[in-house]
Amino acid sequence: MIRILAKIKDSETIERIKEYGNILFVSNFTDIVGVETTKEKLEDIRHLDGVAQVRMSEKGVILGKA
């Protein structure tokens with residue numbers, strides 16, 4: 001399983017994404033949906049009409065060593 005971040009254009013897209021994976025979270029402020037899915041279904045999500053952008057979820061570092 002992989003985790004992705006999908007930027008969506010409308011709330012109806014969330015229901016379509018559910019067909020391809022598990023919704024982890026929805027941000028109403030940034031229109032970002034966190035999804036757990038498979039590599040095989042990643043391209044299906046990427047090509048949904050209501051999806052503007054998809055990227056892999058990564059661990060972030062706010063303050064790194066200088």
# chains A, B, ... in the order shown; residues from 1 in each chain; ligands from 1
>>> residues_around(residues="Asn22 of chain A", least_positions_apart="3", cutoff="12 Å", atoms="only C-alpha atoms", output="list of chain:residue names")
A:Met1, A:Ile2, A:Arg3, A:Ile4, A:Leu5, A:Ile14, A:Glu15, A:Arg16, A:Ile17, A:Lys18, A:Glu19, A:Phe25, A:Val26, A:Val33, A:Gly34, A:Val35, A:Glu36, A:Thr37, A:Thr38, A:Lys41, A:Ile45
>>> select_by_dssp(residues="chain A", states="strand (DSSP E or B)", output="list in words")
Ile2, Arg3, Ile4, Leu5, Ala6, Lys7, Ile8, Gly21, Asn22, Ile23, Leu24, Phe25, Val26, Ser27, Ile32, Val33, Gly34, Val35, Glu36, Thr37, Val51, Ala52, Gln53, Val54, Arg55 and Met56 of chain A
>>> residues_around(residues="Gly50 of chain A", least_positions_apart="3", cutoff="10 Å", atoms="only C-alpha atoms", output="list of chain:residue names")
A:Ala6, A:Lys7, A:Ile8, A:Lys9, A:Asp10, A:Ser11, A:Glu12, A:Thr13, A:Ile14, A:Arg16, A:Ile17, A:Ile45, A:Arg46, A:His47, A:Gln53
>>> write_last_selection(atoms="C-alpha atoms", output="PDB file, in the first residue's frame")
ATOM      1  CA  ALA A   6      -4.716  14.329  -4.015  1.00  0.00           C
ATOM      2  CA  LYS A   7      -5.770  17.926  -4.653  1.00  0.00           C
ATOM      3  CA  ILE A   8      -9.424  17.845  -5.602  1.00  0.00           C
ATOM      4  CA  LYS A   9     -11.656  20.280  -7.468  1.00  0.00           C
ATOM      5  CA  ASP A  10     -14.953  19.439  -5.739  1.00  0.00           C
ATOM      6  CA  SER A  11     -16.323  17.399  -2.862  1.00  0.00           C
ATOM      7  CA  GLU A  12     -18.019  14.880  -5.170  1.00  0.00           C
ATOM      8  CA  THR A  13     -14.573  13.634  -6.162  1.00  0.00           C
ATOM      9  CA  ILE A  14     -14.098  12.169  -2.669  1.00  0.00           C
ATOM     10  CA  ARG A  16     -15.101   8.596  -6.647  1.00  0.00           C
ATOM     11  CA  ILE A  17     -11.703   8.281  -4.935  1.00  0.00           C
ATOM     12  CA  ILE A  45      -6.995   8.211  -9.233  1.00  0.00           C
ATOM     13  CA  ARG A  46      -4.669  10.504 -11.173  1.00  0.00           C
ATOM     14  CA  HIS A  47      -7.018  10.442 -14.183  1.00  0.00           C
ATOM     15  CA  GLN A  53      -2.934  16.940  -8.804  1.00  0.00           C
TER      16      GLN A  53
END
>>> residues_around(residues="Asp44 of chain A", least_positions_apart="4", cutoff="8 Å", atoms="only C-alpha atoms", output="PyMOL selection string")
chain A and resi 20+40+48
>>> write_last_selection(atoms="N, CA and C atoms", output="short mmCIF file (atom, residue, chain, number, x, y, z; two decimals), in the first residue's frame")
data_model
loop_
_atom_site.label_atom_id
_atom_site.label_comp_id
_atom_site.auth_asym_id
_atom_site.auth_seq_id
_atom_site.Cartn_x
_atom_site.Cartn_y
_atom_site.Cartn_z
N TYR A 20 -11.17 3.59 -5.20
CA TYR A 20 -9.79 3.18 -5.49
C TYR A 20 -8.90 3.10 -4.25
N GLU A 40 -1.11 0.09 -8.35
CA GLU A 40 -1.92 -0.19 -9.54
C GLU A 40 -3.07 0.80 -9.71
N LEU A 48 -8.91 10.74 -12.67
CA LEU A 48 -10.29 11.12 -12.35
C LEU A 48 -10.51 12.59 -12.70
#
>>> atom_distance(atom1="atom CA of Glu43 of chain A", atom2="atom CA of Asp31 of chain A")
19.5 Å
>>> decode(residues="segment 18-62 of chain A", atoms="N, CA and C atoms", output="tab-separated table (two decimals), in the first residue's frame")
chain	number	residue	atom	x	y	z
A	18	LYS	N	-12.97	7.03	-3.27
A	18	LYS	CA	-13.23	5.91	-2.36
A	18	LYS	C	-13.27	4.57	-3.10
A	19	GLU	N	-13.56	4.57	-4.39
A	19	GLU	CA	-13.60	3.35	-5.18
A	19	GLU	C	-12.20	2.76	-5.38
A	20	TYR	N	-11.17	3.59	-5.20
A	20	TYR	CA	-9.79	3.18	-5.49
A	20	TYR	C	-8.90	3.10	-4.25
A	21	GLY	N	-9.42	3.48	-3.09
A	21	GLY	CA	-8.59	3.42	-1.89
A	21	GLY	C	-9.33	3.90	-0.65
A	22	ASN	N	-8.61	3.91	0.45
A	22	ASN	CA	-9.17	4.36	1.73
A	22	ASN	C	-8.83	5.82	1.98
A	23	ILE	N	-9.83	6.61	2.29
A	23	ILE	CA	-9.62	8.02	2.60
A	23	ILE	C	-9.05	8.11	4.02
A	24	LEU	N	-7.89	8.73	4.16
A	24	LEU	CA	-7.26	8.90	5.46
A	24	LEU	C	-7.65	10.20	6.12
A	25	PHE	N	-7.73	11.27	5.33
A	25	PHE	CA	-8.16	12.56	5.86
A	25	PHE	C	-8.61	13.46	4.72
A	26	VAL	N	-9.39	14.47	5.06
A	26	VAL	CA	-9.85	15.47	4.10
A	26	VAL	C	-9.59	16.83	4.71
A	27	SER	N	-8.89	17.70	3.99
A	27	SER	CA	-8.66	19.06	4.45
A	27	SER	C	-9.57	20.00	3.68
A	28	ASN	N	-10.50	20.62	4.38
A	28	ASN	CA	-11.40	21.57	3.74
A	28	ASN	C	-10.72	22.89	3.42
A	29	PHE	N	-9.60	23.17	4.07
A	29	PHE	CA	-8.90	24.43	3.84
A	29	PHE	C	-8.06	24.40	2.58
A	30	THR	N	-7.45	23.25	2.28
A	30	THR	CA	-6.54	23.17	1.14
A	30	THR	C	-7.06	22.29	0.01
A	31	ASP	N	-8.23	21.70	0.17
A	31	ASP	CA	-8.80	20.78	-0.82
A	31	ASP	C	-7.88	19.59	-1.11
A	32	ILE	N	-7.21	19.12	-0.06
A	32	ILE	CA	-6.31	17.97	-0.17
A	32	ILE	C	-6.95	16.77	0.51
A	33	VAL	N	-6.85	15.62	-0.14
A	33	VAL	CA	-7.36	14.37	0.41
A	33	VAL	C	-6.19	13.41	0.56
A	34	GLY	N	-6.03	12.84	1.74
A	34	GLY	CA	-5.02	11.81	1.95
A	34	GLY	C	-5.65	10.46	1.66
A	35	VAL	N	-4.96	9.63	0.86
A	35	VAL	CA	-5.53	8.36	0.42
A	35	VAL	C	-4.49	7.26	0.56
A	36	GLU	N	-4.95	6.11	1.05
A	36	GLU	CA	-4.12	4.92	1.05
A	36	GLU	C	-4.65	4.02	-0.07
A	37	THR	N	-3.78	3.65	-1.00
A	37	THR	CA	-4.20	2.89	-2.18
A	37	THR	C	-3.06	1.97	-2.61
A	38	THR	N	-3.20	1.36	-3.76
A	38	THR	CA	-2.15	0.51	-4.31
A	38	THR	C	-1.49	1.23	-5.48
A	39	LYS	N	-0.30	0.80	-5.84
A	39	LYS	CA	0.39	1.40	-6.99
A	39	LYS	C	-0.42	1.22	-8.27
A	40	GLU	N	-1.11	0.09	-8.35
A	40	GLU	CA	-1.92	-0.19	-9.54
A	40	GLU	C	-3.07	0.80	-9.71
A	41	LYS	N	-3.65	1.26	-8.60
A	41	LYS	CA	-4.80	2.17	-8.66
A	41	LYS	C	-4.40	3.63	-8.67
A	42	LEU	N	-3.12	3.92	-8.51
A	42	LEU	CA	-2.64	5.30	-8.48
A	42	LEU	C	-2.99	6.04	-9.77
A	43	GLU	N	-2.75	5.41	-10.91
A	43	GLU	CA	-3.04	6.06	-12.19
A	43	GLU	C	-4.53	6.29	-12.39
A	44	ASP	N	-5.35	5.38	-11.87
A	44	ASP	CA	-6.81	5.56	-11.96
A	44	ASP	C	-7.24	6.82	-11.21
A	45	ILE	N	-6.69	7.01	-10.01
A	45	ILE	CA	-7.00	8.21	-9.23
A	45	ILE	C	-6.48	9.45	-9.95
A	46	ARG	N	-5.28	9.36	-10.49
A	46	ARG	CA	-4.67	10.50	-11.17
A	46	ARG	C	-5.51	10.99	-12.36
A	47	HIS	N	-6.25	10.09	-12.99
A	47	HIS	CA	-7.02	10.44	-14.18
A	47	HIS	C	-8.50	10.71	-13.92
A	48	LEU	N	-8.91	10.74	-12.67
A	48	LEU	CA	-10.29	11.12	-12.35
A	48	LEU	C	-10.51	12.59	-12.70
A	49	ASP	N	-11.71	12.90	-13.19
A	49	ASP	CA	-12.02	14.27	-13.62
A	49	ASP	C	-11.85	15.31	-12.53
A	50	GLY	N	-12.21	15.00	-11.30
A	50	GLY	CA	-12.16	15.98	-10.23
A	50	GLY	C	-10.83	16.09	-9.51
A	51	VAL	N	-9.82	15.37	-9.97
A	51	VAL	CA	-8.50	15.40	-9.33
A	51	VAL	C	-7.59	16.34	-10.11
A	52	ALA	N	-7.09	17.37	-9.43
A	52	ALA	CA	-6.22	18.36	-10.08
A	52	ALA	C	-4.76	17.94	-10.05
A	53	GLN	N	-4.35	17.29	-8.96
A	53	GLN	CA	-2.93	16.94	-8.80
A	53	GLN	C	-2.81	15.78	-7.82
A	54	VAL	N	-1.83	14.92	-8.04
A	54	VAL	CA	-1.55	13.80	-7.13
A	54	VAL	C	-0.06	13.75	-6.88
A	55	ARG	N	0.31	13.53	-5.63
A	55	ARG	CA	1.72	13.33	-5.31
A	55	ARG	C	1.84	12.33	-4.17
A	56	MET	N	3.00	11.74	-4.08
A	56	MET	CA	3.25	10.76	-3.04
A	56	MET	C	3.36	11.49	-1.70
A	57	SER	N	2.82	10.89	-0.67
A	57	SER	CA	2.93	11.44	0.67
A	57	SER	C	4.30	11.08	1.22
A	58	GLU	N	4.98	12.05	1.79
A	58	GLU	CA	6.32	11.85	2.33
A	58	GLU	C	6.41	12.41	3.73
A	59	LYS	N	7.35	11.91	4.49
A	59	LYS	CA	7.61	12.50	5.80
A	59	LYS	C	8.30	13.83	5.57
A	60	GLY	N	7.83	14.85	6.24
A	60	GLY	CA	8.43	16.16	6.10
A	60	GLY	C	9.35	16.50	7.27
A	61	VAL	N	10.22	17.45	7.02
A	61	VAL	CA	11.11	17.94	8.06
A	61	VAL	C	10.92	19.45	8.13
A	62	ILE	N	10.47	19.90	9.28
A	62	ILE	CA	10.28	21.34	9.45
A	62	ILE	C	11.60	22.01	9.78
